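**Q** mmCIF, C-alpha atoms, file my_file-v1.cif:
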data_structure
loop_
_atom_site.label_atom_id
_atom_site.label_comp_id
_atom_site.auth_asym_id
_atom_site.auth_seq_id
_atom_site.Cartn_x
_atom_site.Cartn_y
_atom_site.Cartn_z
CA MET P 1 101.28 136.51 80.89
CA SER P 2 104.20 138.94 80.80
CA GLU P 3 107.57 138.18 79.19
CA VAL P 4 110.26 137.29 81.74
CA GLU P 5 113.58 138.58 80.40
CA GLY P 6 115.69 140.35 82.99
CA VAL P 7 114.83 139.90 86.67
CA LEU P 8 116.36 141.81 89.58
CA VAL P 9 115.95 140.33 93.07
CA ILE P 10 116.68 142.63 96.01
CA ASP P 11 116.66 141.12 99.49
CA ASP P 12 119.07 141.33 102.41
CA SER P 13 118.41 137.64 103.06
CA ARG P 14 120.82 135.57 100.98
CA VAL P 15 118.56 132.56 101.56
CA SER P 16 115.56 134.34 100.07
CA ARG P 17 117.58 135.41 97.04
CA LEU P 18 118.85 131.88 96.63
CA MET P 19 115.34 130.45 96.71
CA VAL P 20 113.90 133.00 94.29
CA ASN P 21 116.80 132.47 91.89
CA ALA P 22 116.42 128.68 92.03
CA ILE P 23 112.75 129.01 91.01
CA LEU P 24 113.61 131.51 88.27
CA LYS P 25 116.35 129.30 86.84
CA GLN P 26 114.05 126.29 86.79
CA HIS P 27 111.16 128.03 85.03
CA TYR P 28 112.93 130.72 83.02
CA PRO P 29 116.39 129.33 82.22
CA ASP P 30 117.01 132.03 79.62
CA ALA P 31 116.16 134.99 81.84
CA HIS P 32 119.02 137.22 82.99
CA LEU P 33 119.17 137.32 86.77
CA TYR P 34 120.58 140.11 88.90
CA GLU P 35 120.63 140.33 92.66
CA ALA P 36 121.45 142.79 95.40
CA GLY P 37 121.27 142.81 99.22
CA ASN P 38 120.26 146.44 99.78
CA ALA P 39 119.58 149.77 98.04
CA GLU P 40 123.23 150.76 97.82
CA GLU P 41 124.18 147.52 96.04
CA THR P 42 121.14 147.83 93.78
CA LEU P 43 121.94 151.33 92.64
CA ALA P 44 125.56 150.34 91.99
CA LEU P 45 124.57 147.52 89.63
CA GLU P 46 125.39 148.00 85.99
CA ILE P 47 122.39 146.66 84.14
CA LYS P 48 122.47 147.48 80.47
CA GLU P 49 119.48 145.51 79.29
CA GLU P 50 115.79 145.92 79.89
CA LEU P 51 114.42 144.52 83.16
CA SER P 52 111.02 142.88 82.93
CA HIS P 53 110.57 142.28 86.68
CA ILE P 54 111.95 143.51 89.97
CA ILE P 55 111.24 141.65 93.20
CA CYS P 56 112.11 143.78 96.20
CA ASP P 57 112.07 143.15 99.97
CA PHE P 58 110.77 145.88 102.30
CA ASN P 59 112.89 145.70 105.49
CA MET P 60 116.53 146.04 104.50
CA PRO P 61 119.56 147.84 105.92
CA GLY P 62 119.46 151.48 104.77
CA MET P 63 116.65 152.47 102.43
CA ASP P 64 113.40 150.49 102.66
CA GLY P 65 111.93 148.65 99.68
CA VAL P 66 109.18 151.17 98.91
CA LYS P 67 111.61 154.11 98.77
CA LEU P 68 114.06 152.09 96.71
CA SER P 69 111.28 151.05 94.33
CA THR P 70 110.41 154.70 93.72
CA LYS P 71 113.95 155.19 92.42
CA LEU P 72 113.80 151.96 90.43
CA GLN P 73 110.56 153.02 88.73
CA LYS P 74 112.51 155.94 87.22
CA LEU P 75 115.55 153.83 86.30
CA TYR P 76 113.56 150.92 84.87
CA PRO P 77 110.20 152.38 83.79
CA ASN P 78 109.10 149.21 82.01
CA ALA P 79 109.83 146.83 84.88
CA ILE P 80 106.98 145.29 86.87
CA ILE P 81 107.94 145.81 90.51
CA THR P 82 106.64 143.64 93.34
CA LEU P 83 107.31 144.19 97.02
CA LEU P 84 107.87 140.71 98.51
CA THR P 85 107.91 141.05 102.28
CA ALA P 86 107.34 139.47 105.68
CA ASN P 87 105.91 142.79 106.83
CA ILE P 88 102.36 142.13 105.74
CA GLN P 89 100.65 145.02 107.54
CA ALA P 90 97.85 146.76 105.68
CA SER P 91 99.73 150.06 106.02
CA ILE P 92 102.76 148.68 104.13
CA ARG P 93 100.55 147.08 101.49
CA ASN P 94 98.78 150.43 101.01
CA LYS P 95 102.08 152.30 100.70
CA ALA P 96 103.24 149.82 98.08
CA GLU P 97 100.01 149.94 96.10
CA ASP P 98 99.84 153.75 96.28
CA GLN P 99 103.30 153.73 94.74
CA GLY P 100 102.10 151.52 91.89
CA LEU P 101 103.83 148.39 93.17
CA TYR P 102 102.46 144.90 93.46
CA PHE P 103 102.52 143.41 96.94
CA ALA P 104 103.24 139.78 97.86
CA LYS P 105 103.76 138.19 101.23
CA LYS P 106 106.69 136.00 102.20
CA PRO P 107 107.71 133.19 102.45
CA VAL P 108 109.16 132.49 99.03
CA THR P 109 107.28 129.66 97.36
CA GLU P 110 107.29 128.49 93.76
CA GLU P 111 103.61 129.33 93.35
CA ARG P 112 104.10 132.85 94.72
CA ILE P 113 107.13 133.64 92.54
CA LEU P 114 105.38 132.35 89.41
CA SER P 115 102.36 134.47 90.27
CA ILE P 116 104.61 137.54 90.67
CA LEU P 117 106.16 136.89 87.28
CA SER P 118 102.76 136.55 85.62
CA LYS P 119 101.73 140.09 86.57
CA THR P 120 101.32 142.68 83.87
CA LYS P 121 102.41 146.32 84.10
CA LYS P 122 100.08 148.45 86.22
CA MET J 19 103.59 148.11 136.37
CA THR J 20 100.48 147.89 134.23
CA GLU J 21 98.99 144.47 134.41
CA LEU J 22 96.25 143.41 132.06
CA ASP J 23 92.95 142.31 133.56
CA GLU J 24 91.35 139.02 132.60
CA LEU J 25 89.26 140.45 129.76
CA GLN J 26 92.27 142.29 128.30
CA LYS J 27 94.39 139.16 128.59
CA ASP J 28 91.71 137.10 126.94
CA MET J 29 91.43 139.58 124.09
CA LEU J 30 95.20 139.77 123.66
CA THR J 31 95.41 135.97 123.58
CA GLU J 32 92.77 135.88 120.87
CA LEU J 33 94.50 138.60 118.85
CA PHE J 34 97.87 136.88 119.07
CA ASN J 35 96.17 133.64 118.18
CA LEU J 36 95.16 135.21 114.87
CA GLY J 37 98.67 136.52 114.28
CA MET J 38 100.29 133.24 115.15
CA GLY J 39 97.85 131.40 112.89
CA SER J 40 99.18 133.43 110.01
CA ALA J 41 102.76 132.82 111.23
CA ALA J 42 102.14 129.06 111.40
CA ALA J 43 100.69 129.11 107.88
CA ALA J 44 103.85 130.89 106.67
CA LEU J 45 106.13 128.37 108.43
CA SER J 46 104.09 125.51 107.03
CA GLU J 47 104.60 126.88 103.51
CA MET J 48 108.33 127.17 104.18
CA VAL J 49 108.79 123.60 105.39
CA SER J 50 106.03 122.02 103.27
CA GLU J 51 104.61 120.27 106.32
CA GLU J 52 101.85 120.76 108.81
CA VAL J 53 102.70 123.04 111.71
CA LEU J 54 100.79 122.58 114.95
CA LEU J 55 100.17 125.61 117.06
CA SER J 56 99.44 125.78 120.77
CA VAL J 57 96.99 128.25 122.27
CA PRO J 58 99.02 131.33 123.25
CA GLU J 59 99.73 131.63 126.92
CA ILE J 60 100.19 135.09 128.37
CA LYS J 61 102.01 135.75 131.60
CA PHE J 62 103.89 138.57 133.21
CA MET J 63 107.18 137.47 134.62
CA GLN J 64 110.69 138.43 135.56
CA LYS J 65 113.37 137.89 132.96
CA THR J 66 115.08 135.30 135.15
CA GLU J 67 111.87 133.31 135.19
CA LEU J 68 111.77 133.45 131.41
CA THR J 69 115.21 131.83 131.26
CA ASN J 70 113.96 128.98 133.42
CA VAL J 71 110.85 128.42 131.31
CA LEU J 72 112.77 128.28 128.02
CA ASP J 73 115.53 126.20 129.60
CA ALA J 74 113.11 123.58 130.83
CA ASP J 75 111.83 122.76 127.39
CA SER J 76 114.77 123.30 125.09
CA GLY J 77 117.29 120.94 126.64
CA GLY J 78 119.88 123.70 127.04
CA GLN J 79 121.21 125.26 123.85
CA ILE J 80 118.90 127.37 121.73
CA SER J 81 119.02 129.33 118.49
CA GLY J 82 117.20 132.62 118.76
CA VAL J 83 116.12 135.32 116.34
CA SER J 84 115.16 138.64 117.89
CA GLN J 85 113.66 141.72 116.35
CA GLU J 86 113.06 145.11 117.88
CA PHE J 87 109.81 146.84 117.01
CA HIS J 88 108.45 150.37 117.39
CA GLY J 89 105.14 152.15 117.01
CA MET J 90 102.05 151.83 119.20
CA ILE J 91 104.10 149.35 121.21
CA LEU J 92 107.83 149.20 121.61
CA GLY J 93 109.61 146.00 122.44
CA LYS J 94 111.49 142.97 121.29
CA ALA J 95 110.23 139.71 119.92
CA LEU J 96 112.26 136.55 120.25
CA LEU J 97 111.76 133.30 118.38
CA THR J 98 113.68 130.31 119.69
CA PHE J 99 114.30 126.79 118.51
CA PRO J 100 116.44 124.11 120.19
CA SER J 101 119.90 124.33 118.59
CA GLU J 102 119.99 120.59 117.99
CA LYS J 103 116.97 120.92 115.68
CA SER J 104 118.12 124.04 113.83
CA LEU J 105 119.90 122.30 110.98
CA GLU J 106 116.97 119.98 110.46
CA LEU J 107 114.69 122.99 110.16
CA VAL J 108 117.04 124.65 107.67
CA ARG J 109 117.18 121.44 105.63
CA LEU J 110 113.37 121.40 105.46
CA ILE J 111 113.33 125.00 104.26
CA LEU J 112 116.09 124.81 101.68
CA GLN J 113 115.21 121.29 100.48
CA ASP J 114 117.29 120.73 97.34
CA THR J 115 118.10 124.40 96.70
CA VAL J 116 121.50 123.88 98.39
CA PRO J 117 123.62 120.67 98.41
CA VAL J 118 123.33 118.87 101.79
CA GLU J 119 127.04 119.39 102.55
CA ASN J 120 126.61 123.18 102.28
CA ILE J 121 123.47 123.51 104.38
CA SER J 122 125.24 124.52 107.61
CA GLU J 123 126.70 127.52 105.75
CA PHE J 124 123.16 128.87 105.39
CA GLU J 125 121.91 127.97 108.87
CA GLU J 126 122.07 131.42 110.42
CA GLU J 127 120.60 133.22 107.41
CA ALA J 128 117.80 130.72 106.97
CA LEU J 129 116.85 130.98 110.65
CA LEU J 130 116.95 134.78 110.40
CA GLU J 131 114.45 134.62 107.56
CA VAL J 132 112.22 132.19 109.50
CA GLY J 133 112.33 134.58 112.48
CA ASN J 134 111.63 137.57 110.28
CA ILE J 135 108.56 135.93 108.75
CA ILE J 136 107.11 134.51 111.97
CA ILE J 137 107.68 137.60 114.11
CA ASN J 138 106.37 139.97 111.45
CA ALA J 139 103.27 137.86 110.85
CA GLY J 140 102.37 138.25 114.53
CA LEU J 141 103.16 141.97 114.67
CA SER J 142 101.40 142.73 111.38
CA SER J 143 98.22 141.09 112.56
CA LEU J 144 98.28 143.14 115.77
CA ALA J 145 98.96 146.39 113.90
CA ASP J 146 96.11 145.73 111.46
CA ILE J 147 93.62 144.95 114.21
CA PHE J 148 94.51 148.13 116.08
CA GLU J 149 94.62 150.05 112.77
CA ASP J 150 98.11 151.25 113.54
CA GLU J 151 101.60 150.66 112.18
CA ILE J 152 104.43 148.76 113.83
CA THR J 153 107.85 149.07 112.27
CA SER J 154 110.49 146.46 112.93
CA ASP J 155 114.27 146.54 112.79
CA LEU J 156 116.31 143.88 111.05
CA PRO J 157 116.34 140.48 112.76
CA VAL J 158 119.37 139.47 114.84
CA PHE J 159 120.60 135.90 115.35
CA ASN J 160 121.98 134.56 118.63
CA SER J 161 122.72 131.10 119.87
CA GLY J 162 123.86 129.65 123.16
CA SER J 163 122.27 128.82 126.49
CA CYS J 164 118.83 130.30 127.16
CA GLU J 165 120.39 132.75 129.58
CA GLU J 166 122.95 133.89 126.99
CA VAL J 167 120.36 134.31 124.24
CA ILE J 168 118.03 136.32 126.49
CA GLU J 169 120.97 138.44 127.66
CA GLN J 170 121.96 139.11 124.05
CA THR J 171 118.38 139.91 123.09
CA ASP J 172 118.19 142.50 125.84
CA LYS J 173 121.83 143.55 126.11
CA ASN J 174 120.95 147.14 127.04
CA GLU J 175 118.77 145.77 129.84
CA GLU J 176 115.73 147.74 128.76
CA TYR J 177 113.33 145.05 129.86
CA GLN J 178 114.84 144.31 133.26
CA SER J 179 111.67 143.72 135.22
CA THR J 180 108.79 143.80 132.79
CA VAL J 181 108.38 140.90 130.52
CA LEU J 182 105.17 140.10 128.79
CA TYR J 183 105.72 136.47 128.20
CA LEU J 184 103.60 135.30 125.34
CA GLN J 185 104.36 131.72 124.67
CA VAL J 186 103.31 129.99 121.52
CA ASN J 187 104.62 126.59 120.57
CA PHE J 188 105.09 125.77 116.94
CA THR J 189 105.54 122.09 116.35
CA ILE J 190 106.55 120.61 113.03
CA GLU J 191 105.10 117.28 113.89
CA LEU J 192 107.09 114.81 111.82
CA GLN J 193 110.42 116.20 112.97
CA GLN J 194 109.28 117.11 116.48
CA ILE J 195 110.75 120.59 116.13
CA LYS J 196 109.30 122.93 118.73
CA GLY J 197 109.73 126.69 118.71
CA TYR J 198 108.69 129.52 121.01
CA VAL J 199 107.81 133.13 120.44
CA VAL J 200 108.27 135.55 123.32
CA TYR J 201 107.54 139.28 123.36
CA LEU J 202 109.31 141.66 125.71
CA LEU J 203 107.49 144.93 126.28
CA ASN J 204 108.45 147.96 128.37
CA VAL J 205 106.16 149.62 130.90
CA GLU J 206 104.91 152.35 128.58
CA SER J 207 104.08 149.81 125.90
CA MET J 208 102.09 147.73 128.37
CA GLU J 209 99.96 150.81 129.06
CA ASN J 210 99.55 151.55 125.34
CA LEU J 211 98.64 147.95 124.71
CA ALA J 212 96.08 147.95 127.53
CA ASN J 213 94.54 151.17 126.13
CA SER J 214 94.44 149.81 122.59
CA ILE J 215 92.77 146.63 123.80
CA ASP J 216 90.17 148.66 125.73
CA LYS J 217 89.41 150.75 122.66
CA TYR J 218 89.11 147.64 120.54
CA ILE J 219 86.80 145.95 123.06
CA SER J 220 84.57 149.03 123.35
CA LYS J 221 84.39 149.23 119.55
CA LEU J 222 83.31 145.60 119.46
CA ILE J 223 80.68 146.11 122.16
CA ASN J 224 79.23 149.31 120.69
#
Would you kindly transcribe this structure into structure tokens?
**A**
Amino acid sequence: MSEVEGVLVIDDSRVSRLMVNAILKQHYPDAHLYEAGNAEETLALEIKEELSHIICDFNMPGMDGVKLSTKLQKLYPNAIITLLTANIQASIRNKAEDQGLYFAKKPVTEERILSILSKTKK
Amino acid sequence: MTELDELQKDMLTELFNLGMGSAAAALSEMVSEEVLLSVPEIKFMQKTELTNVLDADSGGQISGVSQEFHGMILGKALLTFPSEKSLELVRLILQDTVPVENISEFEEEALLEVGNIIINAGLSSLADIFEDEITSDLPVFNSGSCEEVIEQTDKNEEYQSTVLYLQVNFTIELQQIKGYVVYLLNVESMENLANSIDKYISKLIN
């Protein structure tokens, strides 16, 4: 089980962010939560502490989640990044896994989010 | 216009059935209830006919989420629910994440996410079976009469005459919430689809 300290949730759906954050707050009340709706907002965030997990959507306005994750891997090398998406095609899963990301399918459920947070660094 | 023959239609129905099965499973997870799924029905029809079909079952006003997709096939997918049931659906999804009095504030975004998940489940299954990739744009929300929603979905009138009408009913039984998924494809996509189905069938046979 990995430590859950700082978690960044990136999704253009406010509802998805809301649901992920509700699960995080319930199970990890001490974790620091950050959120963003797209790549631009993500890269503008000022995060000074270490992120343990990043949960990122694929289809978003502007840069897609795999490209954004490539940048985030450099910015937060210790973070465990999972692509959480409705686009569950094998080709997207392969792109994510080739990039060293975990892949999880939407919808957001408690079980799925807890499973994402239990992953260890690849 | 390319029409599919009976074998192609049968195969497409079966393939969409798989995709919609995965979409229904996703919706069921979202609402924490069983979702019943009808057998997909495939027809070719004029857009005006489509309005009549949706109108007949929805009782007038609908909420629709559409998404344009590209790749081996190019088109638009539309998921509709009767407007009068939309809030109930959102309440099932959000449960106690949001106070009841604030639920309507999240209606559009919650339905967008439902549309995104259901439409992509169907498209992803099709792309995987044909070993291809289908990319989709961001989902768009519209509400109004069936005619208005269809007009908004196809505001550039790209699908004037050719509509592949693939109807699947999702029913959340306890609440009697019924939704439809419709795919609009252009002529070229119909041909690509027919070719992909033929290739798939011949691979199965050989």
**Q** Report as a Markdown table: every residue of chain P with an atom at most 12 Å from chain J, its closest pair of atoms, and their distance in Å to one decimal, counting all atoms listed in the file, with rows sorted by chain and ascending residue number.
**A**
| residue | atom | partner | partner_atom | distance |
| --- | --- | --- | --- | --- |
| P:Asp11 | CA | J:Glu131 | CA | 10.6 |
| P:Asp12 | CA | J:Leu156 | CA | 9.4 |
| P:Ser13 | CA | J:Glu127 | CA | 6.6 |
| P:Arg14 | CA | J:Glu127 | CA | 6.8 |
| P:Val15 | CA | J:Ala128 | CA | 5.8 |
| P:Ser16 | CA | J:Glu131 | CA | 7.6 |
| P:Arg17 | CA | J:Ala128 | CA | 11.0 |
| P:Leu18 | CA | J:Thr115 | CA | 7.5 |
| P:Met19 | CA | J:Thr115 | CA | 6.6 |
| P:Val20 | CA | J:Thr115 | CA | 9.9 |
| P:Asn21 | CA | J:Thr115 | CA | 9.5 |
| P:Ala22 | CA | J:Thr115 | CA | 6.6 |
| P:Ile23 | CA | J:Thr115 | CA | 9.1 |
| P:Leu24 | CA | J:Thr115 | CA | 11.9 |
| P:Lys25 | CA | J:Thr115 | CA | 11.1 |
| P:Gln26 | CA | J:Thr115 | CA | 10.9 |
| P:Asp57 | CA | J:Glu131 | CA | 11.7 |
| P:Phe58 | CA | J:Leu156 | CA | 10.5 |
| P:Asn59 | CA | J:Leu156 | CA | 6.8 |
| P:Met60 | CA | J:Leu156 | CA | 6.9 |
| P:Pro61 | CA | J:Leu156 | CA | 7.2 |
| P:Gly62 | CA | J:Leu156 | CA | 10.3 |
| P:Asp64 | CA | J:Asp155 | CA | 10.9 |
| P:Leu84 | CA | J:Ile135 | CA | 11.3 |
| P:Thr85 | CA | J:Ile135 | CA | 8.3 |
| P:Ala86 | CA | J:Ile135 | CA | 4.8 |
| P:Asn87 | CA | J:Asn138 | CA | 5.4 |
| P:Ile88 | CA | J:Ser142 | CA | 5.8 |
| P:Gln89 | CA | J:Ser142 | CA | 4.5 |
| P:Ala90 | CA | J:Asp146 | CA | 6.1 |
| P:Ser91 | CA | J:Glu151 | CA | 6.5 |
| P:Ile92 | CA | J:Glu151 | CA | 8.4 |
| P:Arg93 | CA | J:Ser142 | CA | 10.8 |
| P:Asn94 | CA | J:Glu151 | CA | 11.5 |
| P:Lys95 | CA | J:Glu151 | CA | 11.6 |
| P:Lys105 | CA | J:Ala44 | CA | 9.1 |
| P:Lys106 | CA | J:Ile135 | CA | 6.8 |
| P:Pro107 | CA | J:Ala44 | CA | 6.2 |
| P:Val108 | CA | J:Met48 | CA | 7.5 |
| P:Thr109 | CA | J:Glu47 | CA | 7.3 |
| P:Glu110 | CA | J:Glu47 | CA | 10.2 |
| P:Glu111 | CA | J:Glu47 | CA | 10.5 |
| P:Arg112 | CA | J:Glu47 | CA | 10.6 |
**Q** Apply the PyMOL selection byres ((chain P and resi 67) around 10) to the displayed file and report the matching residues as a VMD selection string.
**A** chain P and resid 39 58 63 to 66 68 to 72 95 to 96 99
**Q** What does the distance from CA of Val57 (chain J) to CA of Leu202 (chain J) come to in Å, to one decimal?
**A** 18.5 Å
**Q** For CA of Val199 (chain J) and CA of Thr98 (chain J), quote the distance in Å rounded to one decimal.
**A**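 Here the two named atoms are 6.6 Å from each other.
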**Q** Which residues are near Leu92 (chain J)? Cut-off 6 Å, only C-alpha atoms, ignore same chain within fewer than 3 positions. Put them as a list in words.
**A**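 Here the answer would be Phe87, His88 and Ser207 of chain J.
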**Q** May I ask which of the residues J:Ser220, J:Ser163, J:Asn35, J:Asn210 is the closest one to Pro58 (chain J), counting only C-alpha atoms?
**A**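 Of J:Ser220, J:Ser163, J:Asn35, J:Asn210, the one nearest Pro58 (chain J), counting only C-alpha atoms, is J:Asn35.
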**Q** Any idea what the distance is between CA of Ala104 (chain P) and CA of Gln185 (chain J)?
**A**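 Those two atoms sit 28.0 Å apart.
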**Q** Check the smallest atom-to-atom distance from each of P:Ile47, P:Leu8, P:Ile81, P:Ala31 to Leu101 (chain P) using only C-alpha atoms, then report the winner.
**A** P:Ile81
